[in-house]
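Quick look at coords.cif (mmCIF, C-alpha atoms and all ligand atoms):
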```cif
data_query
loop_
_atom_site.label_atom_id
_atom_site.label_comp_id
_atom_site.auth_asym_id
_atom_site.auth_seq_id
_atom_site.Cartn_x
_atom_site.Cartn_y
_atom_site.Cartn_z
CA MET W 1259 -35.74 2.37 -14.67
CA ARG W 1260 -33.82 -0.56 -13.22
CA ILE W 1261 -31.46 -0.63 -16.21
CA GLU W 1262 -30.86 3.10 -15.87
CA ARG W 1263 -30.05 2.68 -12.18
CA HIS W 1264 -27.44 0.05 -13.03
CA ARG W 1265 -26.09 2.11 -15.86
CA ARG W 1266 -25.48 4.93 -13.40
CA ARG W 1267 -23.89 2.52 -10.95
CA PHE W 1268 -21.47 1.23 -13.58
CA PHE W 1269 -20.83 4.35 -15.64
CA GLY W 1270 -21.87 7.33 -13.56
CA LYS W 1271 -18.71 8.43 -11.77
CA SER W 1272 -16.47 7.83 -14.76
CA ARG W 1273 -18.57 10.01 -16.98
CA GLU W 1274 -18.47 12.82 -14.49
CA SER W 1275 -14.75 12.59 -13.89
CA ALA W 1276 -13.98 12.33 -17.58
CA LYS W 1277 -14.65 15.92 -18.43
CA CYS W 1278 -11.43 16.49 -20.34
CA SER W 1279 -11.86 16.44 -24.07
CA ILE W 1280 -9.17 13.80 -24.46
CA LEU W 1281 -11.32 11.33 -22.60
CA ASN W 1282 -14.86 12.11 -23.60
CA PRO W 1283 -15.15 10.41 -26.98
CA VAL W 1284 -14.52 6.90 -25.70
CA VAL W 1285 -16.00 7.24 -22.24
CA SER W 1286 -19.41 8.03 -23.60
CA LYS W 1287 -19.82 4.68 -25.39
CA ILE W 1288 -21.91 1.91 -23.92
CA PRO W 1289 -20.39 -1.36 -25.12
CA ARG W 1290 -22.46 -3.26 -27.62
CA LYS W 1291 -21.57 -6.65 -26.21
CA LEU W 1292 -22.91 -6.13 -22.70
CA VAL W 1293 -25.21 -8.94 -21.65
CA ARG W 1294 -28.09 -8.29 -19.31
CA ILE W 1295 -28.48 -10.91 -16.59
CA GLU W 1296 -32.10 -11.72 -15.90
CA GLY W 1297 -33.06 -12.49 -12.32
CA ASN W 1298 -35.52 -12.01 -9.52
CA GLY W 1299 -33.12 -10.10 -7.34
CA PRO W 1300 -34.03 -7.98 -4.37
CA ASP W 1301 -36.00 -4.79 -4.76
CA ASP W 1302 -33.12 -2.41 -5.24
CA GLY W 1303 -31.98 -4.44 -8.24
CA ASN W 1304 -28.63 -5.54 -6.84
CA PRO W 1305 -28.70 -9.19 -5.85
CA LEU W 1306 -24.94 -9.42 -5.21
CA LEU W 1307 -23.62 -9.49 -1.66
CA PHE W 1308 -19.96 -9.52 -2.66
CA GLY W 1309 -18.80 -5.93 -2.80
CA LEU W 1310 -20.81 -4.73 0.20
CA ASP W 1311 -18.95 -3.99 3.42
CA ALA W 1312 -20.08 -5.33 6.81
CA GLU W 1313 -22.11 -2.22 7.51
CA SER W 1314 -24.01 -2.42 4.23
CA LEU W 1315 -24.55 -6.15 4.71
CA ALA W 1316 -25.98 -5.42 8.14
CA ALA W 1317 -28.35 -2.88 6.62
CA ARG W 1318 -29.46 -5.44 4.03
CA MET W 1319 -30.10 -8.04 6.71
CA ALA W 1320 -32.03 -5.53 8.79
CA ALA W 1321 -34.13 -4.68 5.74
CA VAL W 1322 -35.27 -8.30 5.46
CA GLY W 1323 -36.08 -8.48 9.17
CA GLU W 1324 -32.87 -10.13 10.36
CA PRO W 1325 -30.67 -8.87 13.19
CA ALA W 1326 -27.93 -6.53 12.00
CA TRP W 1327 -25.17 -8.82 13.36
CA ARG W 1328 -25.99 -11.19 10.50
CA GLY W 1329 -24.14 -8.64 8.37
CA ARG W 1330 -20.90 -9.28 10.26
CA GLN W 1331 -21.44 -13.03 9.83
CA LEU W 1332 -21.90 -12.57 6.10
CA ALA W 1333 -18.80 -10.38 5.80
CA GLU W 1334 -16.74 -12.90 7.74
CA ALA W 1335 -17.91 -15.73 5.47
CA ILE W 1336 -17.55 -13.87 2.17
CA TYR W 1337 -14.25 -12.06 2.71
CA ARG W 1338 -12.35 -14.04 5.36
CA GLN W 1339 -13.52 -17.60 4.70
CA ARG W 1340 -14.02 -16.82 1.00
CA VAL W 1341 -17.29 -18.73 0.73
CA VAL W 1342 -18.93 -18.33 -2.67
CA GLU W 1343 -22.36 -19.93 -2.16
CA LEU W 1344 -25.02 -18.82 0.32
CA SER W 1345 -25.73 -22.49 1.05
CA GLU W 1346 -22.17 -22.90 2.36
CA ILE W 1347 -22.31 -20.11 4.93
CA THR W 1348 -22.51 -22.31 8.00
CA THR W 1349 -23.18 -19.46 10.41
CA LEU W 1350 -26.53 -18.76 8.73
CA PRO W 1351 -29.48 -21.01 9.62
CA LYS W 1352 -30.56 -23.24 6.72
CA ALA W 1353 -33.97 -21.59 6.57
CA LEU W 1354 -32.39 -18.17 6.17
CA GLN W 1355 -30.00 -19.43 3.47
CA GLN W 1356 -32.97 -20.83 1.57
CA ARG W 1357 -35.03 -17.72 2.00
CA LEU W 1358 -32.28 -15.42 0.79
CA THR W 1359 -31.63 -17.67 -2.19
CA ALA W 1360 -35.35 -17.80 -3.03
CA GLU W 1361 -35.47 -14.00 -2.91
CA GLY W 1362 -32.70 -13.80 -5.49
CA TRP W 1363 -29.68 -13.03 -3.33
CA GLN W 1364 -26.33 -14.52 -4.25
CA VAL W 1365 -22.73 -14.06 -3.15
CA GLY W 1366 -21.81 -13.20 -6.74
CA ARG W 1367 -18.04 -13.14 -6.46
CA PRO W 1368 -16.32 -12.88 -9.87
CA LYS W 1369 -15.18 -16.23 -11.28
CA ILE W 1370 -12.15 -17.24 -13.34
CA VAL W 1371 -13.46 -18.54 -16.67
CA GLN W 1372 -10.25 -18.91 -18.64
CA VAL W 1373 -6.61 -19.38 -17.67
CA PHE W 1374 -3.55 -18.74 -19.84
CA GLN W 1375 -0.28 -20.15 -18.51
CA SER W 1376 3.10 -18.75 -19.44
CA LYS W 1377 6.26 -20.78 -19.61
CA ASP W 1378 7.65 -18.43 -16.90
CA GLY W 1379 4.89 -19.45 -14.46
CA THR W 1380 2.78 -16.33 -14.91
CA GLU W 1381 -0.96 -16.90 -15.21
CA ARG W 1382 -3.37 -14.57 -16.93
CA TYR W 1383 -7.05 -14.95 -16.10
CA LEU W 1384 -10.22 -13.89 -17.76
CA VAL W 1385 -12.44 -13.17 -14.79
CA HIS W 1386 -16.19 -13.13 -15.32
CA CYS W 1387 -18.04 -10.45 -13.45
CA GLU W 1388 -21.65 -11.07 -12.47
CA GLY W 1389 -24.22 -8.31 -12.62
CA GLU W 1390 -26.61 -6.75 -15.03
CA TYR W 1391 -23.83 -6.16 -17.55
CA ALA W 1392 -21.79 -9.36 -17.45
CA LEU W 1393 -18.35 -9.38 -18.99
CA THR W 1394 -14.78 -10.49 -18.45
CA VAL W 1395 -11.80 -8.61 -17.15
CA GLU W 1396 -8.13 -9.54 -16.88
CA THR W 1397 -6.02 -10.32 -13.84
CA VAL W 1398 -2.40 -11.53 -13.82
CA TRP W 1399 -0.62 -13.67 -11.22
CA MET W 1400 3.19 -13.53 -11.20
CA PRO W 1401 4.43 -16.17 -8.76
CA GLU W 1402 7.87 -14.63 -8.49
CA GLY W 1403 6.82 -11.02 -8.94
CA ASP W 1404 8.55 -8.88 -11.54
CA ASP W 1405 11.13 -7.15 -9.31
CA GLY W 1406 9.01 -4.03 -9.39
CA GLU W 1407 6.97 -3.80 -6.21
CA SER W 1408 8.53 -6.29 -3.82
CA GLY W 1409 10.89 -3.84 -2.19
CA ASP W 1410 8.69 -2.81 0.69
CA GLY W 1411 11.22 -3.14 3.44
CA THR W 1412 10.13 -6.61 4.56
CA ASP W 1413 12.85 -9.02 5.55
CA PRO W 1414 13.41 -11.64 2.82
CA SER W 1415 14.99 -14.04 5.34
CA ASP W 1416 11.77 -14.15 7.37
CA GLU W 1417 10.88 -17.89 7.29
CA SER W 1418 7.19 -17.29 7.90
CA ALA W 1419 7.05 -15.21 4.73
CA LYS W 1420 8.85 -17.63 2.39
CA ARG W 1421 5.65 -18.84 0.73
CA HIS W 1422 4.36 -16.45 -1.91
CA GLN W 1423 6.54 -13.70 -0.50
CA GLN W 1424 7.50 -12.49 -3.95
CA ALA W 1425 4.23 -13.15 -5.72
CA THR W 1426 2.52 -10.19 -7.31
CA LEU W 1427 -1.08 -9.94 -8.42
CA CYS W 1428 -1.93 -7.35 -11.05
CA VAL W 1429 -5.54 -6.19 -10.75
CA SER W 1430 -7.77 -4.33 -13.21
CA SER W 1431 -9.96 -1.38 -12.28
CA GLN W 1432 -11.83 -0.81 -15.53
CA VAL W 1433 -12.71 -2.81 -18.62
CA GLY W 1434 -10.57 -1.19 -21.28
CA CYS W 1435 -9.21 2.29 -20.72
CA ALA W 1436 -9.90 5.83 -21.89
CA VAL W 1437 -6.45 7.28 -21.35
CA ASN W 1438 -5.11 6.22 -24.73
CA CYS W 1439 -1.41 5.77 -24.00
CA GLN W 1440 0.04 5.12 -27.43
CA PHE W 1441 2.18 2.15 -26.35
CA CYS W 1442 -0.59 0.21 -24.58
CA LEU W 1443 -2.82 -2.52 -26.01
CA THR W 1444 -5.53 -1.95 -23.42
CA ALA W 1445 -6.04 1.51 -24.87
CA LYS W 1446 -7.21 -0.14 -28.11
CA LEU W 1447 -10.36 -1.30 -26.32
CA GLY W 1448 -11.40 2.21 -25.32
CA LEU W 1449 -13.29 2.35 -22.05
CA GLN W 1450 -16.07 -0.22 -21.87
CA ARG W 1451 -17.07 0.28 -18.28
CA ASN W 1452 -15.92 0.90 -14.75
CA LEU W 1453 -15.62 -2.10 -12.49
CA THR W 1454 -17.54 -2.06 -9.23
CA ALA W 1455 -15.74 -2.33 -5.89
CA GLY W 1456 -16.81 -5.98 -5.69
CA GLU W 1457 -15.45 -6.71 -9.15
CA ILE W 1458 -12.08 -5.17 -8.27
CA ALA W 1459 -11.77 -6.85 -4.86
CA GLY W 1460 -13.27 -10.05 -6.27
CA GLN W 1461 -10.37 -10.51 -8.70
CA VAL W 1462 -8.05 -10.63 -5.71
CA LEU W 1463 -9.93 -13.15 -3.58
CA THR W 1464 -10.76 -15.37 -6.56
CA VAL W 1465 -7.08 -15.66 -7.49
CA PHE W 1466 -6.14 -16.10 -3.82
CA ASP W 1467 -8.42 -19.14 -3.75
CA ARG W 1468 -6.87 -20.60 -6.89
CA GLN W 1469 -3.35 -20.04 -5.53
CA CYS W 1470 -4.28 -21.16 -1.99
CA VAL W 1471 -3.09 -17.86 -0.54
CA GLU W 1472 -3.69 -17.56 3.17
CA VAL W 1473 -4.03 -13.96 4.29
CA GLY W 1474 -1.83 -13.34 7.31
CA ARG W 1475 0.56 -16.16 6.40
CA ASP W 1476 1.38 -15.48 2.75
CA ARG W 1477 2.43 -12.06 1.63
CA VAL W 1478 1.41 -11.13 -1.85
CA ASN W 1479 1.96 -7.75 -3.48
CA LEU W 1480 -1.10 -6.27 -5.12
CA VAL W 1481 -0.55 -3.84 -7.96
CA PHE W 1482 -3.50 -1.96 -9.40
CA MET W 1483 -1.85 -1.74 -12.78
CA GLY W 1484 -4.03 -4.00 -14.90
CA MET W 1485 -6.64 -2.77 -17.35
CA GLY W 1486 -7.83 0.76 -16.77
CA GLU W 1487 -6.93 3.94 -14.92
CA PRO W 1488 -7.85 3.45 -11.24
CA PHE W 1489 -8.15 7.19 -10.60
CA LEU W 1490 -10.84 7.51 -13.28
CA ASN W 1491 -12.84 5.00 -11.25
CA TYR W 1492 -11.76 6.48 -7.95
CA ASP W 1493 -14.70 5.74 -5.68
CA ASN W 1494 -14.99 2.11 -6.68
CA PHE W 1495 -11.24 1.62 -6.55
CA MET W 1496 -10.94 3.00 -3.03
CA ALA W 1497 -14.06 1.11 -1.90
CA ALA W 1498 -12.33 -2.07 -3.13
CA VAL W 1499 -9.20 -1.19 -1.17
CA ARG W 1500 -11.27 -0.67 1.98
CA LEU W 1501 -12.99 -4.03 1.44
CA LEU W 1502 -9.65 -5.76 1.03
CA VAL W 1503 -8.15 -4.08 4.08
CA ARG W 1504 -11.07 -3.95 6.50
CA GLU W 1505 -13.04 -7.03 5.54
CA ALA W 1506 -10.41 -9.37 4.05
CA GLY W 1507 -7.47 -8.35 6.28
CA LEU W 1508 -4.90 -7.33 3.64
CA SER W 1509 -2.29 -4.66 4.26
CA PRO W 1510 -2.42 -1.46 2.20
CA GLN W 1511 1.35 -1.30 2.45
CA ARG W 1512 1.56 -4.30 0.15
CA MET W 1513 -0.63 -2.57 -2.43
CA THR W 1514 0.52 -0.13 -5.09
CA VAL W 1515 -1.74 1.87 -7.36
CA SER W 1516 -0.42 3.29 -10.59
CA THR W 1517 -1.86 6.37 -12.24
CA SER W 1518 -1.13 7.98 -15.55
CA GLY W 1519 -1.33 11.32 -13.71
CA ILE W 1520 -5.00 12.07 -13.05
CA VAL W 1521 -4.42 15.10 -10.86
CA PRO W 1522 -7.87 15.34 -9.18
CA GLY W 1523 -7.50 11.65 -8.28
CA ILE W 1524 -4.04 12.17 -6.82
CA GLU W 1525 -5.35 15.08 -4.76
CA ARG W 1526 -8.13 12.91 -3.33
CA PHE W 1527 -5.71 10.07 -2.75
CA ALA W 1528 -3.40 12.39 -0.80
CA VAL W 1529 -5.98 12.82 1.96
CA GLU W 1530 -6.94 9.16 2.30
CA PRO W 1531 -6.20 7.85 5.81
CA PRO W 1532 -2.91 5.92 5.87
CA GLU W 1533 -4.63 2.75 7.09
CA PHE W 1534 -6.43 2.52 3.74
CA ARG W 1535 -3.90 4.13 1.41
CA PRO W 1536 -1.86 1.95 -0.96
CA LYS W 1537 1.54 3.12 -2.19
CA LEU W 1538 1.57 5.37 -5.22
CA ALA W 1539 3.21 4.89 -8.61
CA ILE W 1540 3.23 7.50 -11.36
CA SER W 1541 3.39 6.26 -14.92
CA LEU W 1542 5.96 8.77 -16.19
CA ASN W 1543 7.35 7.17 -19.35
CA ALA W 1544 9.06 10.21 -20.82
CA PRO W 1545 11.82 12.66 -19.89
CA ASN W 1546 9.85 15.82 -20.74
CA ASP W 1547 6.40 17.17 -21.56
CA GLN W 1548 6.94 17.21 -25.29
CA ILE W 1549 7.59 13.48 -25.60
CA ARG W 1550 5.12 12.61 -22.86
CA SER W 1551 2.31 14.44 -24.63
CA GLU W 1552 3.07 12.48 -27.79
CA ILE W 1553 2.93 9.08 -26.16
CA MET W 1554 0.44 9.92 -23.39
CA PRO W 1555 -2.16 12.47 -24.57
CA ILE W 1556 -3.32 12.87 -20.96
CA ASN W 1557 -0.15 14.93 -20.42
CA ARG W 1558 -1.72 17.81 -22.38
CA LYS W 1559 -4.33 18.07 -19.66
CA TRP W 1560 -2.00 17.48 -16.70
CA PRO W 1561 1.66 18.07 -17.55
CA ILE W 1562 4.50 16.63 -15.50
CA GLN W 1563 4.95 19.55 -13.09
CA THR W 1564 1.23 19.61 -12.27
CA VAL W 1565 1.33 15.91 -11.52
CA VAL W 1566 4.43 16.28 -9.35
CA ASP W 1567 2.81 19.14 -7.41
CA ALA W 1568 -0.16 16.90 -6.66
CA VAL W 1569 2.08 13.99 -5.63
CA ARG W 1570 3.80 16.27 -3.11
CA LEU W 1571 0.51 16.44 -1.20
CA VAL W 1572 0.73 12.73 -0.35
CA LYS W 1573 2.03 12.28 3.19
CA LEU W 1574 4.41 9.35 2.84
CA ARG W 1575 5.00 6.78 5.55
CA PRO W 1576 8.50 6.37 6.95
CA ARG W 1577 10.74 4.78 4.26
CA GLU W 1578 7.95 4.96 1.69
CA ARG W 1579 8.94 6.08 -1.81
CA ILE W 1580 6.99 7.24 -4.80
CA THR W 1581 7.53 4.91 -7.74
CA PHE W 1582 7.98 6.37 -11.19
CA GLU W 1583 7.16 3.81 -13.86
CA TYR W 1584 9.06 4.29 -17.08
CA VAL W 1585 8.32 2.27 -20.21
CA LEU W 1586 11.37 2.25 -22.45
CA LEU W 1587 10.42 2.56 -26.12
CA GLY W 1588 13.33 1.65 -28.38
CA GLY W 1589 14.73 4.78 -30.06
CA VAL W 1590 12.00 6.98 -28.55
CA THR W 1591 12.52 7.15 -24.78
CA ASP W 1592 15.59 5.01 -24.14
CA ARG W 1593 18.47 7.29 -25.16
CA PRO W 1594 21.38 8.08 -22.80
CA GLU W 1595 20.65 11.81 -22.78
CA GLN W 1596 17.03 11.03 -21.90
CA ALA W 1597 18.17 8.95 -18.93
CA ALA W 1598 20.12 11.96 -17.68
CA GLU W 1599 17.06 14.17 -18.22
CA VAL W 1600 14.87 11.76 -16.23
CA ALA W 1601 17.43 11.74 -13.43
CA ARG W 1602 17.42 15.55 -13.31
CA LEU W 1603 13.62 15.65 -13.41
CA ILE W 1604 13.27 13.24 -10.50
CA ARG W 1605 15.95 14.92 -8.42
CA ARG W 1606 14.25 18.28 -8.97
CA THR W 1607 11.02 16.91 -7.48
CA GLY W 1608 12.78 16.41 -4.16
CA LEU W 1609 10.54 13.38 -3.55
CA PRO W 1610 11.85 10.13 -2.08
CA ALA W 1611 11.51 8.16 -5.29
CA LYS W 1612 12.52 5.08 -7.17
CA VAL W 1613 12.17 4.22 -10.83
CA ASN W 1614 10.81 1.01 -12.28
CA LEU W 1615 11.99 0.53 -15.84
CA ILE W 1616 9.91 -1.58 -18.18
CA ALA W 1617 11.25 -2.60 -21.55
CA TRP W 1618 8.26 -2.12 -23.85
CA ASN W 1619 6.27 -5.29 -24.45
CA PRO W 1620 5.20 -5.71 -28.06
CA GLY W 1621 1.54 -5.46 -29.02
CA SER W 1622 0.05 -6.02 -32.44
CA GLY W 1623 -0.82 -2.83 -34.27
CA ILE W 1624 1.52 -0.69 -32.14
CA ALA W 1625 4.54 0.64 -34.02
CA TYR W 1626 7.15 0.86 -31.27
CA ALA W 1627 10.24 -1.25 -30.76
CA THR W 1628 11.47 -3.13 -27.71
CA PRO W 1629 14.72 -1.46 -26.58
CA GLN W 1630 18.06 -3.22 -26.80
CA PRO W 1631 19.15 -4.83 -23.50
CA GLU W 1632 22.32 -2.69 -23.51
CA ALA W 1633 20.25 0.49 -23.80
CA VAL W 1634 18.07 -0.62 -20.89
CA GLU W 1635 21.07 -1.37 -18.71
CA ALA W 1636 22.75 1.92 -19.63
CA PHE W 1637 19.55 3.80 -18.77
CA ARG W 1638 19.38 2.11 -15.39
CA SER W 1639 23.07 2.78 -14.69
CA THR W 1640 22.64 6.49 -15.42
CA LEU W 1641 19.78 6.73 -12.92
CA MET W 1642 21.70 4.77 -10.30
CA ALA W 1643 24.77 6.93 -10.79
CA ALA W 1644 22.58 9.97 -10.12
CA GLY W 1645 21.54 8.41 -6.80
CA ILE W 1646 18.09 7.28 -7.92
CA PRO W 1647 17.20 3.65 -7.13
CA ALA W 1648 16.20 2.05 -10.43
CA TYR W 1649 14.88 -1.45 -11.01
CA LEU W 1650 14.22 -3.31 -14.20
CA ARG W 1651 10.83 -4.97 -14.15
CA LYS W 1652 11.16 -8.42 -15.64
CA PRO W 1653 8.82 -9.03 -18.55
CA ARG W 1654 6.37 -11.62 -17.21
CA GLY W 1655 4.01 -13.62 -19.36
CA ARG W 1656 4.80 -11.97 -22.70
CA ASP W 1657 3.98 -15.26 -24.47
CA ILE W 1658 0.39 -15.15 -23.16
CA TYR W 1659 -0.20 -11.38 -23.57
CA ALA W 1660 0.02 -10.94 -19.81
CA ALA W 1661 2.90 -8.48 -19.63
CA CYS W 1662 2.61 -4.81 -18.80
CA GLY W 1663 0.58 -2.96 -21.44
CA GLN W 1664 -0.58 -6.14 -23.16
CA LEU W 1665 -3.94 -6.69 -21.45
CA LYS W 1666 -6.59 -6.69 -24.12
CA ARG W 1667 -8.58 -9.83 -23.35
CA THR W 1668 -6.61 -11.61 -26.07
CA VAL W 1669 -7.88 -15.18 -26.27
CA GLU W 1670 -5.67 -16.63 -28.96
CA GLY W 1671 -2.69 -16.66 -26.60
S1 LIG W 1701 -1.03 2.36 -19.82
FE1 LIG W 1701 -2.63 2.27 -18.23
S2 LIG W 1701 -3.56 4.32 -18.30
FE2 LIG W 1701 -2.41 4.11 -20.22
S3 LIG W 1701 -3.94 3.30 -21.71
FE3 LIG W 1701 -2.89 1.52 -20.80
S4 LIG W 1701 -4.21 0.89 -19.10
FE4 LIG W 1701 -4.78 3.00 -19.64
#
```
Represent the structure from my file as structure tokens, please.
Ligand code: SF4
Amino acid sequence: MRIERHRRRFFGKSRESAKCSILNPVVSKIPRKLVRIEGNGPDDGNPLLFGLDAESLAARMAAVGEPAWRGRQLAEAIYRQRVVELSEITTLPKALQQRLTAEGWQVGRPKIVQVFQSKDGTERYLVHCEGEYALTVETVWMPEGDDGESGDGTDPSDESAKRHQQATLCVSSQVGCAVNCQFCLTAKLGLQRNLTAGEIAGQVLTVFDRQCVEVGRDRVNLVFMGMGEPFLNYDNFMAAVRLLVREAGLSPQRMTVSTSGIVPGIERFAVEPPEFRPKLAISLNAPNDQIRSEIMPINRKWPIQTVVDAVRLVKLRPRERITFEYVLLGGVTDRPEQAAEVARLIRRTGLPAKVNLIAWNPGSGIAYATPQPEAVEAFRSTLMAAGIPAYLRKPRGRDIYAACGQLKRTVEG
């Protein structure tokens, strides 16, 4: 019974939202390598405090006979002070710490278990997630960003923001992915499971600790563009955003979520309150439906126009733009006439938009080619000439399989 409850917690929403036939075959698998963690946790079977918001923590404290304000103390310690052991939460009396520990409670924040360092300074982490089904997920720290999501209107001459002002953290929302983009190594894993809100938010605070990031002083861009499709794990993804904003104090305006075009997810996202809504990026990658359906099978379910119609529902903040991500595949999507077609497509949308170009990063077993630098530059120039801001995302951490589309928990890097 307890296993089934956890299975629903980890898999439930994804299964329901993955009704399209493109997604079903992989979503329905339960990974063979999942490891069950034994423990004497609390009665509801979830001994992890990390991932619960202040209100839920208060309810937990009340359930064990403690005043509800203990929940606020716990939230402050876990998310603001980033304490990882119950015994180190100084606002809790020793006796209470010991009692909670004896009853099986733990903070349970995900931990970095392996680090891969690139010669360009990028770090890729395998992050171990606690819980009944323990496993690792990938997170990437780019100390100088990748020129993709730093343009948020903040003043680069602001002295107080010098430290980490360009850093970008790429966060995963699922282990593996069901969307099956043909150019992406993560797709090779299939979907193994959804991450919980705590596992998504935990990647951020764990890396912040390693990089000594101080929230409020340092400004780091978060991009939800790691492993997985965030909008196929919508509830947990947005719960993680709320934890990061409300409990940890991060700004949603320094967060960007990228979707392959999951229309029901975009429609839900459009009505999120602005104080908890990250910026939106659409992974476009092709100039028309024919090519997009070949390289992104999800396009057969939700073609470009349907996606654009859903994006129009998002009420943008002043100066906010929709980002269109475009992976350039040599000889497939990088031709001059295709650049002109993309420019026309984006102008037709009427959306305030910019384009992030990504020269395809090689992955073993994927038969595409990295485009020539001249083709990339020509593509960008065509977009710019059409009045569309276009940026080339620098390939970060290619040598450690950390670049865009390369996240497959590769350990031989
Ligand atoms: S590009 Fe993103 S959505 Fe597509 S398979 Fe890879 S991780 Fe999934």
Show me which residues line ligand LIG 1701 (chain W), defined as having an atom within 10 Å of a ligand atom where all atoms listed in the file count, and present them as a PyMOL selection string. chain W and resi 1430-1449+1482-1490+1516-1520+1541+1543+1553-1556+1585+1662-1666
Using all atoms listed in the file, which residue out of W:Ala1497, W:Ala1326, W:Val1529, W:Val1342 lies closest to Phe1308 in chain W?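 Smallest separation from Phe1308 in chain W among the options: W:Val1342.
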Spatial neighbours of Glu1313 in chain W, max dist 10 Å, all atoms listed in the file, sep filter under 2 positions, as a VMD selection string: chain W and resid 1310 to 1311 1315 to 1319 1326 to 1327 1329 to 1330 1333
Measuring atom to atom with only C-alpha atoms, identify which of W:Val1429, W:Ala1611, W:Ala1601, W:Ile1370 is nearest to Leu1538 in chain W.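 The answer is W:Ala1611, which sits nearest to Leu1538 in chain W.
For the residues W:Ala1643, W:Pro1401, W:Gln1364, W:Gly1460, ranking by smallest atom-to-atom distance to His1386 in chain W using all atoms listed in the file places W:Gly1460 first.
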Of the residues W:Lys1369, W:Lys1652, W:Arg1526, W:Arg1550, which is the one nearest to Leu1587 in chain W, using only C-alpha atoms?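 Between W:Lys1369, W:Lys1652, W:Arg1526, W:Arg1550, the residue approaching Leu1587 in chain W most closely is W:Arg1550.
For Gln1596 in chain W, the non-local neighbours within 10 Å, defined as residues at least 6 positions apart in the same chain or in other chains and counting all atoms listed in the file, are Ala1544, Pro1545, Asn1546, Val1590, Arg1602, Phe1637 and Thr1640 of chain W.
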